[in-house]
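Content type PDB, C-alpha atoms and all ligand atoms, from the file coords.pdb:
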```pdb
ATOM      1  CA  MET A   1       2.032  17.817  -1.101  1.00  0.00           C
ATOM      2  CA  ASP A   2       0.370  20.007   1.455  1.00  0.00           C
ATOM      3  CA  GLN A   3       0.542  18.666   5.024  1.00  0.00           C
ATOM      4  CA  ILE A   4      -3.162  19.433   5.505  1.00  0.00           C
ATOM      5  CA  ILE A   5      -4.116  16.832   2.875  1.00  0.00           C
ATOM      6  CA  TYR A   6      -2.324  14.113   4.857  1.00  0.00           C
ATOM      7  CA  HIS A   7      -3.891  15.323   8.087  1.00  0.00           C
ATOM      8  CA  ASN A   8      -7.396  15.315   6.590  1.00  0.00           C
ATOM      9  CA  ALA A   9      -6.811  11.947   4.961  1.00  0.00           C
ATOM     10  CA  GLU A  10      -5.901  10.372   8.294  1.00  0.00           C
ATOM     11  CA  ARG A  11      -9.126  11.726   9.792  1.00  0.00           C
ATOM     12  CA  ASP A  12     -11.240  10.601   6.798  1.00  0.00           C
ATOM     13  CA  ILE A  13      -9.744   7.105   6.769  1.00  0.00           C
ATOM     14  CA  ALA A  14     -10.366   6.712  10.518  1.00  0.00           C
ATOM     15  CA  GLN A  15     -13.984   7.654   9.789  1.00  0.00           C
ATOM     16  CA  ILE A  16     -14.237   5.155   6.913  1.00  0.00           C
ATOM     17  CA  LEU A  17     -12.863   2.370   9.110  1.00  0.00           C
ATOM     18  CA  LYS A  18     -15.288   3.261  11.890  1.00  0.00           C
ATOM     19  CA  ASN A  19     -18.399   3.452   9.723  1.00  0.00           C
ATOM     20  CA  GLU A  20     -17.859   1.207   6.733  1.00  0.00           C
ATOM     21  CA  LYS A  21     -18.976  -2.298   7.608  1.00  0.00           C
ATOM     22  CA  LYS A  22     -19.144  -3.837   4.141  1.00  0.00           C
ATOM     23  CA  ASN A  23     -15.748  -3.450   2.540  1.00  0.00           C
ATOM     24  CA  PRO A  24     -13.555  -1.075   4.546  1.00  0.00           C
ATOM     25  CA  LEU A  25     -10.277  -2.075   2.884  1.00  0.00           C
ATOM     26  CA  GLN A  26     -11.626  -1.353  -0.601  1.00  0.00           C
ATOM     27  CA  GLN A  27     -12.925   2.020   0.611  1.00  0.00           C
ATOM     28  CA  VAL A  28      -9.505   2.933   2.013  1.00  0.00           C
ATOM     29  CA  VAL A  29      -7.737   1.880  -1.196  1.00  0.00           C
ATOM     30  CA  ASP A  30     -10.213   3.941  -3.246  1.00  0.00           C
ATOM     31  CA  TYR A  31      -9.744   6.941  -0.954  1.00  0.00           C
ATOM     32  CA  LEU A  32      -5.943   6.838  -1.244  1.00  0.00           C
ATOM     33  CA  TYR A  33      -6.063   6.421  -5.022  1.00  0.00           C
ATOM     34  CA  ASN A  34      -8.578   9.237  -5.492  1.00  0.00           C
ATOM     35  CA  THR A  35      -6.975  11.699  -3.053  1.00  0.00           C
ATOM     36  CA  PHE A  36      -3.266  11.547  -3.835  1.00  0.00           C
ATOM     37  CA  SER A  37      -2.487  12.277  -7.479  1.00  0.00           C
ATOM     38  CA  HIS A  38       1.037  10.823  -7.155  1.00  0.00           C
ATOM     39  CA  TYR A  39      -0.397   7.414  -6.168  1.00  0.00           C
ATOM     40  CA  SER A  40      -0.994   5.797  -9.562  1.00  0.00           C
ATOM     41  CA  TRP A  41      -1.903   2.311  -8.304  1.00  0.00           C
ATOM     42  CA  VAL A  42      -2.904   1.307  -4.764  1.00  0.00           C
ATOM     43  CA  GLY A  43      -3.390  -2.264  -3.566  1.00  0.00           C
ATOM     44  CA  ILE A  44      -3.498  -4.397  -0.440  1.00  0.00           C
ATOM     45  CA  TYR A  45      -1.942  -7.853  -0.393  1.00  0.00           C
ATOM     46  CA  ILE A  46      -2.943 -10.363   2.297  1.00  0.00           C
ATOM     47  CA  LEU A  47      -0.409 -12.935   3.483  1.00  0.00           C
ATOM     48  CA  LYS A  48      -1.639 -16.519   3.676  1.00  0.00           C
ATOM     49  CA  GLY A  49       1.066 -19.062   4.440  1.00  0.00           C
ATOM     50  CA  LYS A  50       4.074 -18.006   2.396  1.00  0.00           C
ATOM     51  CA  ILE A  51       2.134 -16.248  -0.389  1.00  0.00           C
ATOM     52  CA  LEU A  52       0.867 -12.676  -0.679  1.00  0.00           C
ATOM     53  CA  TYR A  53      -2.555 -12.585  -2.359  1.00  0.00           C
ATOM     54  CA  LEU A  54      -3.848  -9.406  -3.954  1.00  0.00           C
ATOM     55  CA  GLY A  55      -6.975  -8.077  -2.227  1.00  0.00           C
ATOM     56  CA  PRO A  56      -8.631  -4.706  -2.882  1.00  0.00           C
ATOM     57  CA  TRP A  57      -6.907  -2.445  -5.406  1.00  0.00           C
ATOM     58  CA  ASN A  58      -7.554   0.643  -7.490  1.00  0.00           C
ATOM     59  CA  GLY A  59      -5.730   1.933 -10.537  1.00  0.00           C
ATOM     60  CA  VAL A  60      -6.091   2.251 -14.269  1.00  0.00           C
ATOM     61  CA  GLN A  61      -4.926  -1.315 -14.926  1.00  0.00           C
ATOM     62  CA  ALA A  62      -5.024  -4.681 -13.171  1.00  0.00           C
ATOM     63  CA  THR A  63      -1.697  -6.248 -12.231  1.00  0.00           C
ATOM     64  CA  GLU A  64      -0.658  -9.720 -13.312  1.00  0.00           C
ATOM     65  CA  HIS A  65       1.060 -10.140  -9.924  1.00  0.00           C
ATOM     66  CA  THR A  66      -1.913 -11.338  -7.925  1.00  0.00           C
ATOM     67  CA  LYS A  67       0.125 -13.926  -5.989  1.00  0.00           C
ATOM     68  CA  ILE A  68       3.648 -13.120  -4.800  1.00  0.00           C
ATOM     69  CA  PRO A  69       5.762 -15.542  -2.732  1.00  0.00           C
ATOM     70  CA  ILE A  70       7.602 -14.137   0.310  1.00  0.00           C
ATOM     71  CA  GLY A  71      11.053 -13.037  -0.837  1.00  0.00           C
ATOM     72  CA  LYS A  72      10.051 -12.233  -4.447  1.00  0.00           C
ATOM     73  CA  GLY A  73       9.920  -8.664  -5.753  1.00  0.00           C
ATOM     74  CA  ILE A  74       9.683  -5.556  -3.616  1.00  0.00           C
ATOM     75  CA  CYS A  75       6.462  -6.866  -2.090  1.00  0.00           C
ATOM     76  CA  GLY A  76       8.020 -10.185  -1.130  1.00  0.00           C
ATOM     77  CA  ALA A  77      11.072  -8.415   0.320  1.00  0.00           C
ATOM     78  CA  ALA A  78       8.939  -6.247   2.614  1.00  0.00           C
ATOM     79  CA  ALA A  79       6.995  -9.335   3.730  1.00  0.00           C
ATOM     80  CA  LYS A  80      10.275 -11.112   4.522  1.00  0.00           C
ATOM     81  CA  THR A  81      11.918  -8.328   6.541  1.00  0.00           C
ATOM     82  CA  GLY A  82       8.800  -6.609   7.914  1.00  0.00           C
ATOM     83  CA  LYS A  83      10.324  -3.272   6.884  1.00  0.00           C
ATOM     84  CA  THR A  84       8.906  -0.556   4.645  1.00  0.00           C
ATOM     85  CA  GLU A  85      10.480  -0.549   1.177  1.00  0.00           C
ATOM     86  CA  VAL A  86      10.773   2.819  -0.560  1.00  0.00           C
ATOM     87  CA  ILE A  87      12.048   2.587  -4.136  1.00  0.00           C
ATOM     88  CA  ALA A  88      12.819   5.990  -5.647  1.00  0.00           C
ATOM     89  CA  ASP A  89      13.510   4.547  -9.107  1.00  0.00           C
ATOM     90  CA  VAL A  90      12.290   1.028  -9.857  1.00  0.00           C
ATOM     91  CA  LYS A  91      14.745   0.769 -12.786  1.00  0.00           C
ATOM     92  CA  GLY A  92      17.596   0.755 -10.300  1.00  0.00           C
ATOM     93  CA  ASP A  93      16.262  -2.161  -8.237  1.00  0.00           C
ATOM     94  CA  ASP A  94      16.715  -5.628  -9.689  1.00  0.00           C
ATOM     95  CA  ARG A  95      14.212  -7.151  -7.240  1.00  0.00           C
ATOM     96  CA  TYR A  96      11.412  -5.154  -8.901  1.00  0.00           C
ATOM     97  CA  LEU A  97       8.579  -7.152 -10.503  1.00  0.00           C
ATOM     98  CA  ALA A  98       7.206  -4.958 -13.280  1.00  0.00           C
ATOM     99  CA  CYS A  99       3.458  -4.455 -13.435  1.00  0.00           C
ATOM    100  CA  PHE A 100       2.927  -1.256 -15.390  1.00  0.00           C
ATOM    101  CA  LEU A 101       5.181   0.407 -17.946  1.00  0.00           C
ATOM    102  CA  SER A 102       4.382   3.805 -16.434  1.00  0.00           C
ATOM    103  CA  THR A 103       5.602   2.974 -12.898  1.00  0.00           C
ATOM    104  CA  LYS A 104       8.728   4.856 -11.788  1.00  0.00           C
ATOM    105  CA  ALA A 105       8.645   4.543  -7.987  1.00  0.00           C
ATOM    106  CA  GLU A 106       7.080   2.206  -5.444  1.00  0.00           C
ATOM    107  CA  ILE A 107       6.438   1.977  -1.709  1.00  0.00           C
ATOM    108  CA  VAL A 108       5.470  -1.183   0.172  1.00  0.00           C
ATOM    109  CA  ILE A 109       4.450  -0.976   3.825  1.00  0.00           C
ATOM    110  CA  PRO A 110       3.969  -4.215   5.767  1.00  0.00           C
ATOM    111  CA  ILE A 111       0.818  -4.535   7.885  1.00  0.00           C
ATOM    112  CA  LYS A 112       2.138  -6.079  11.106  1.00  0.00           C
ATOM    113  CA  TYR A 113       0.544  -7.116  14.367  1.00  0.00           C
ATOM    114  CA  ASN A 114       2.800  -8.316  17.195  1.00  0.00           C
ATOM    115  CA  ASN A 115       5.630  -8.778  14.674  1.00  0.00           C
ATOM    116  CA  LYS A 116       3.442 -11.049  12.549  1.00  0.00           C
ATOM    117  CA  ILE A 117       3.006  -9.924   8.942  1.00  0.00           C
ATOM    118  CA  LEU A 118      -0.675  -9.885   7.990  1.00  0.00           C
ATOM    119  CA  GLY A 119      -0.278  -8.277   4.601  1.00  0.00           C
ATOM    120  CA  GLU A 120       0.919  -5.057   3.043  1.00  0.00           C
ATOM    121  CA  LEU A 121      -0.042  -1.852   1.341  1.00  0.00           C
ATOM    122  CA  ASP A 122       1.603  -1.437  -2.068  1.00  0.00           C
ATOM    123  CA  ILE A 123       1.586   1.878  -3.946  1.00  0.00           C
ATOM    124  CA  ASP A 124       3.100   2.671  -7.341  1.00  0.00           C
ATOM    125  CA  SER A 125       3.839   6.130  -8.677  1.00  0.00           C
ATOM    126  CA  ASP A 126       4.403   7.342 -12.225  1.00  0.00           C
ATOM    127  CA  THR A 127       6.953   9.883 -10.942  1.00  0.00           C
ATOM    128  CA  LYS A 128      10.474   9.064  -9.744  1.00  0.00           C
ATOM    129  CA  ASN A 129      11.320   9.772  -6.100  1.00  0.00           C
ATOM    130  CA  SER A 130       7.634  10.280  -5.324  1.00  0.00           C
ATOM    131  CA  PHE A 131       7.463   8.891  -1.812  1.00  0.00           C
ATOM    132  CA  LYS A 132       8.711  11.446   0.703  1.00  0.00           C
ATOM    133  CA  ASP A 133       8.969  11.260   4.480  1.00  0.00           C
ATOM    134  CA  GLN A 134       5.419  12.570   4.847  1.00  0.00           C
ATOM    135  CA  ASP A 135       4.106   9.705   2.678  1.00  0.00           C
ATOM    136  CA  ILE A 136       6.064   7.141   4.691  1.00  0.00           C
ATOM    137  CA  LEU A 137       4.881   8.463   8.080  1.00  0.00           C
ATOM    138  CA  PHE A 138       1.301   8.813   6.853  1.00  0.00           C
ATOM    139  CA  LEU A 139       1.120   5.380   5.199  1.00  0.00           C
ATOM    140  CA  GLU A 140       2.696   3.644   8.211  1.00  0.00           C
ATOM    141  CA  LYS A 141      -0.067   5.185  10.364  1.00  0.00           C
ATOM    142  CA  ILE A 142      -2.709   4.022   7.892  1.00  0.00           C
ATOM    143  CA  THR A 143      -1.400   0.436   7.815  1.00  0.00           C
ATOM    144  CA  ASP A 144      -1.571   0.355  11.635  1.00  0.00           C
ATOM    145  CA  MET A 145      -5.194   1.487  11.426  1.00  0.00           C
ATOM    146  CA  LEU A 146      -5.933  -1.390   9.009  1.00  0.00           C
ATOM    147  CA  ILE A 147      -4.751  -4.148  11.403  1.00  0.00           C
ATOM    148  CA  PRO A 148      -8.173  -4.897  13.005  1.00  0.00           C
ATOM    149  CA  HIS A 149      -9.715  -5.087   9.533  1.00  0.00           C
ATOM    150  CA  ILE A 150      -7.436  -7.808   8.159  1.00  0.00           C
ATOM    151  CA  SER A 151      -9.139 -11.167   8.450  1.00  0.00           C
ATOM    152  CA  ASN A 152      -6.126 -13.439   9.060  1.00  0.00           C
ATOM    153  CA  LEU A 153      -5.443 -12.158  12.609  1.00  0.00           C
TER     154      LEU A 153
HETATM  155  N1  LIG B   1       6.154  -4.233  -8.210  1.00  0.00           N
HETATM  156  C1  LIG B   1       5.792  -5.188  -7.190  1.00  0.00           C
HETATM  157  C2  LIG B   1       4.749  -6.142  -7.681  1.00  0.00           C
HETATM  158  C3  LIG B   1       3.358  -5.679  -7.461  1.00  0.00           C
HETATM  159  S1  LIG B   1       2.835  -4.442  -8.516  1.00  0.00           S
HETATM  160  O1  LIG B   1       3.567  -3.194  -8.261  1.00  0.00           O
HETATM  161  C4  LIG B   1       1.242  -4.101  -8.316  1.00  0.00           C
HETATM  162  C5  LIG B   1       7.039  -5.913  -6.686  1.00  0.00           C
HETATM  163  O2  LIG B   1       8.137  -5.700  -7.173  1.00  0.00           O
HETATM  164  O3  LIG B   1       6.904  -6.729  -5.770  1.00  0.00           O
END
```

Have the structure of the file written as structure tokens, please.
Amino acid sequence: MDQIIYHNAERDIAQILKNEKKNPLQQVVDYLYNTFSHYSWVGIYILKGKILYLGPWNGVQATEHTKIPIGKGICGAAAKTGKTEVIADVKGDDRYLACFLSTKAEIVIPIKYNNKILGELDIDSDTKNSFKDQDILFLEKITDMLIPHISNL
């Protein structure tokens, strides 16, 4: 995807987070889903205790995985290690918890403050090998921008 789209998205999301008082996380999720055609499902999980709880999301279908324990699935793995997980082909990863038949690739970026995991941004794609370096760099910037907006600080 064109670099300019990522650049503009960073600016637009900063604006949303500055101005949107009511539900900034939902607005950011909606923006990501509506702007990037290779993002087929976008959601934010919030960590409470040892469980990730699904917060705002956007996509064609709801997921059955609304609560994920640390260590389970790709989401639980990222919450355990604090590292971004990029799965080029979910079929090749036996940790994967299936949500949608159409999903081929997934990225999970932890939202961390002072090494404490607050939650994560989870994005599915219907195309294999969808998440490139520019997605990773961009989404890691976005998760940092979300930190002050996560309520379990
Ligand atoms: N696939 C995830 C579960 C969440 S859904 O993608 C929305 C996982 O393996 O943890």

Where's the centre, and what are the edge lengths in Å to one decimal, of a box along x, y and z enclosing all listed atoms of ligand LIG 1 (chain B) padded 5 Å per side, as JSON?
```
{"center_x": 4.7, "center_y": -5.0, "center_z": -7.1, "size_x": 16.9, "size_y": 13.5, "size_z": 12.7}
```

Quick one: contact table of chain A to ligand LIG 1 (chain B), 6 Å max, nearest atom pair and distance in Å to one decimal per residue, counting all atoms listed in the file, chain and number order, as JSON lines?
```
{"residue": "A:Thr63", "atom": "CA", "partner": "B:LIG1", "partner_atom": "C4", "distance": 5.3}
{"residue": "A:His65", "atom": "CA", "partner": "B:LIG1", "partner_atom": "C3", "distance": 5.6}
{"residue": "A:Gly73", "atom": "CA", "partner": "B:LIG1", "partner_atom": "O3", "distance": 3.6}
{"residue": "A:Ile74", "atom": "CA", "partner": "B:LIG1", "partner_atom": "O3", "distance": 3.7}
{"residue": "A:Cys75", "atom": "CA", "partner": "B:LIG1", "partner_atom": "O3", "distance": 3.7}
{"residue": "A:Gly76", "atom": "CA", "partner": "B:LIG1", "partner_atom": "O3", "distance": 5.9}
{"residue": "A:Tyr96", "atom": "CA", "partner": "B:LIG1", "partner_atom": "O2", "distance": 3.7}
{"residue": "A:Leu97", "atom": "CA", "partner": "B:LIG1", "partner_atom": "O2", "distance": 3.7}
{"residue": "A:Ala98", "atom": "CA", "partner": "B:LIG1", "partner_atom": "N1", "distance": 5.2}
{"residue": "A:Cys99", "atom": "CA", "partner": "B:LIG1", "partner_atom": "S1", "distance": 5.0}
{"residue": "A:Asp124", "atom": "CA", "partner": "B:LIG1", "partner_atom": "O1", "distance": 6.0}
```

Distance table requested - region 8-123 of chain A against region 140-153 of chain A, cut-off 10 Å, only C-alpha atoms: one row per qualifying residue with the closest atom pair and its distance in Å to one decimal, ordered by chain and rising residue number, as a tab-separated table.
```
residue	atom	partner	partner_atom	distance
A:Ala9	CA	A:Ile142	CA	9.4
A:Glu10	CA	A:Ile142	CA	7.1
A:Ile13	CA	A:Ile142	CA	7.8
A:Ala14	CA	A:Met145	CA	7.4
A:Leu17	CA	A:Leu146	CA	7.9
A:Lys21	CA	A:His149	CA	9.9
A:Asn23	CA	A:His149	CA	9.4
A:Pro24	CA	A:His149	CA	7.5
A:Leu25	CA	A:His149	CA	7.3
A:Val28	CA	A:Leu146	CA	9.0
A:Ile44	CA	A:Thr143	CA	9.8
A:Ile46	CA	A:Ile150	CA	7.8
A:Leu47	CA	A:Asn152	CA	8.0
A:Lys48	CA	A:Asn152	CA	7.7
A:Thr84	CA	A:Glu140	CA	8.3
A:Val108	CA	A:Glu140	CA	9.8
A:Ile109	CA	A:Glu140	CA	6.6
A:Pro110	CA	A:Thr143	CA	7.4
A:Ile111	CA	A:Thr143	CA	5.4
A:Lys112	CA	A:Ile147	CA	7.2
A:Tyr113	CA	A:Ile147	CA	6.8
A:Lys116	CA	A:Leu153	CA	9.0
A:Ile117	CA	A:Leu153	CA	9.5
A:Leu118	CA	A:Asn152	CA	6.6
A:Gly119	CA	A:Ile150	CA	8.0
A:Glu120	CA	A:Thr143	CA	7.6
A:Leu121	CA	A:Thr143	CA	7.0
```

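Applied to the file shown here, the PyMOL selection byres (((chain A and resi 104) around 6) and not hetatm) selects Asp89, Val90, Thr103, Ala105, Ser125, Asp126, Thr127 and Lys128 of chain A.
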
CA of Gln26 (chain A) to CA of Arg95 (chain A), straight-line distance in Å: 27.3 Å

Would you compute the distance between CA of Lys67 (chain A) and CA of Lys83 (chain A)? Give it in Å to one decimal.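 Calculated distance between CA of Lys67 (chain A) and CA of Lys83 (chain A) is 19.6 Å.
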
Calculated over all atoms listed in the file, which of the candidates A:Ile87, A:Ile70, A:Leu137, A:Ile107 has the smallest distance to Leu52 (chain A)?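 Of A:Ile87, A:Ile70, A:Leu137, A:Ile107, the one nearest Leu52 (chain A) is A:Ile70, counting all atoms listed in the file.
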
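Going from CA of Met1 (chain A) over to CA of Ile136 (chain A), you cover 12.8 Å.
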
From the set A:Phe100, A:Tyr45, A:Tyr39, A:Trp57, which residue has the shortest atom-to-atom contact distance to Asn129 (chain A), counting only C-alpha atoms?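 Distance minimum relative to Asn129 (chain A) lands on A:Tyr39.
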
Give the answer as one residue: which of A:Ile68, A:Ala78, A:Ala88, A:Leu32 has the shortest atom-to-atom distance to Phe138 (chain A), using only C-alpha atoms? A:Leu32

When you count only C-alpha atoms, which of these residues is closest to Val86 (chain A): A:Arg11, A:Lys18, A:His38, A:Lys132?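 Closest candidate: A:Lys132.
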
Using all atoms listed in the file: which of A:Tyr33, A:Asp93, A:Lys72, A:Glu106 has the shortest distance to Phe131 (chain A): A:Glu106

Between A:Gly82, A:Gly55, A:Thr66, A:Ala77, which residue has the minimum interatomic distance to Asp94 (chain A), considering only C-alpha atoms?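 Checking each candidate against Asp94 (chain A), we get A:Ala77 as the closest.
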
Kindly extract all protein, DNA and RNA residues lying within 6 Å of the coordinates (6.1, -16.2, 0.6) given in the file, considering all atoms listed in the file, and supply them as a list in words.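 Every polymer residue passing the test: Lys50, Ile51, Pro69 and Ile70 of chain A.
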
As a short mmCIF file (atom, residue, chain, number, x, y, z; two decimals) with C-alpha atoms, in the coordinates of the input, please: the residues near Asn58 (chain A) (cut-off 8 Å, only C-alpha atoms, same-chain neighbours under 4 positions excluded).
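Resulting contents of part.cif:
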```cif
data_model
loop_
_atom_site.label_atom_id
_atom_site.label_comp_id
_atom_site.auth_asym_id
_atom_site.auth_seq_id
_atom_site.Cartn_x
_atom_site.Cartn_y
_atom_site.Cartn_z
CA VAL A 29 -7.74 1.88 -1.20
CA ASP A 30 -10.21 3.94 -3.25
CA TYR A 33 -6.06 6.42 -5.02
CA TRP A 41 -1.90 2.31 -8.30
CA VAL A 42 -2.90 1.31 -4.76
CA GLY A 43 -3.39 -2.26 -3.57
#
```

Residue completion, region 57-72 of chain A, N, CA and C atoms, as a PDB file, in the frame of the given file:
```
ATOM      1  N   TRP A  57      -7.857  -3.316  -4.714  1.00  0.00           N
ATOM      2  CA  TRP A  57      -6.907  -2.445  -5.406  1.00  0.00           C
ATOM      3  C   TRP A  57      -7.676  -1.404  -6.214  1.00  0.00           C
ATOM      4  N   ASN A  58      -6.983  -0.353  -6.586  1.00  0.00           N
ATOM      5  CA  ASN A  58      -7.554   0.643  -7.490  1.00  0.00           C
ATOM      6  C   ASN A  58      -6.432   1.224  -8.337  1.00  0.00           C
ATOM      7  N   GLY A  59      -6.711   1.412  -9.595  1.00  0.00           N
ATOM      8  CA  GLY A  59      -5.730   1.933 -10.537  1.00  0.00           C
ATOM      9  C   GLY A  59      -6.299   1.791 -11.929  1.00  0.00           C
ATOM     10  N   VAL A  60      -5.588   2.288 -12.896  1.00  0.00           N
ATOM     11  CA  VAL A  60      -6.091   2.251 -14.269  1.00  0.00           C
ATOM     12  C   VAL A  60      -6.096   0.819 -14.800  1.00  0.00           C
ATOM     13  N   GLN A  61      -5.102   0.032 -14.378  1.00  0.00           N
ATOM     14  CA  GLN A  61      -4.926  -1.315 -14.926  1.00  0.00           C
ATOM     15  C   GLN A  61      -4.804  -2.350 -13.818  1.00  0.00           C
ATOM     16  N   ALA A  62      -5.240  -3.572 -14.113  1.00  0.00           N
ATOM     17  CA  ALA A  62      -5.024  -4.681 -13.171  1.00  0.00           C
ATOM     18  C   ALA A  62      -3.572  -5.131 -13.276  1.00  0.00           C
ATOM     19  N   THR A  63      -3.054  -5.705 -12.188  1.00  0.00           N
ATOM     20  CA  THR A  63      -1.697  -6.248 -12.231  1.00  0.00           C
ATOM     21  C   THR A  63      -1.743  -7.757 -12.466  1.00  0.00           C
ATOM     22  N   GLU A  64      -0.739  -8.255 -13.143  1.00  0.00           N
ATOM     23  CA  GLU A  64      -0.658  -9.720 -13.312  1.00  0.00           C
ATOM     24  C   GLU A  64      -0.130 -10.382 -12.038  1.00  0.00           C
ATOM     25  N   HIS A  65       0.463  -9.578 -11.144  1.00  0.00           N
ATOM     26  CA  HIS A  65       1.060 -10.140  -9.924  1.00  0.00           C
ATOM     27  C   HIS A  65       0.024 -10.216  -8.805  1.00  0.00           C
ATOM     28  N   THR A  66      -0.864 -11.196  -8.935  1.00  0.00           N
ATOM     29  CA  THR A  66      -1.913 -11.338  -7.925  1.00  0.00           C
ATOM     30  C   THR A  66      -1.500 -12.299  -6.805  1.00  0.00           C
ATOM     31  N   LYS A  67      -0.425 -13.042  -7.030  1.00  0.00           N
ATOM     32  CA  LYS A  67       0.125 -13.926  -5.989  1.00  0.00           C
ATOM     33  C   LYS A  67       1.622 -13.740  -5.996  1.00  0.00           C
ATOM     34  N   ILE A  68       2.199 -13.354  -4.868  1.00  0.00           N
ATOM     35  CA  ILE A  68       3.648 -13.120  -4.800  1.00  0.00           C
ATOM     36  C   ILE A  68       4.222 -13.900  -3.614  1.00  0.00           C
ATOM     37  N   PRO A  69       5.161 -14.813  -3.853  1.00  0.00           N
ATOM     38  CA  PRO A  69       5.762 -15.542  -2.732  1.00  0.00           C
ATOM     39  C   PRO A  69       6.642 -14.620  -1.881  1.00  0.00           C
ATOM     40  N   ILE A  70       6.703 -14.884  -0.580  1.00  0.00           N
ATOM     41  CA  ILE A  70       7.602 -14.137   0.310  1.00  0.00           C
ATOM     42  C   ILE A  70       9.000 -14.210  -0.285  1.00  0.00           C
ATOM     43  N   GLY A  71       9.682 -13.073  -0.314  1.00  0.00           N
ATOM     44  CA  GLY A  71      11.053 -13.037  -0.837  1.00  0.00           C
ATOM     45  C   GLY A  71      11.145 -12.608  -2.294  1.00  0.00           C
ATOM     46  N   LYS A  72      10.012 -12.633  -3.020  1.00  0.00           N
ATOM     47  CA  LYS A  72      10.051 -12.233  -4.447  1.00  0.00           C
ATOM     48  C   LYS A  72       9.589 -10.783  -4.608  1.00  0.00           C
TER      49      LYS A  72
END
```
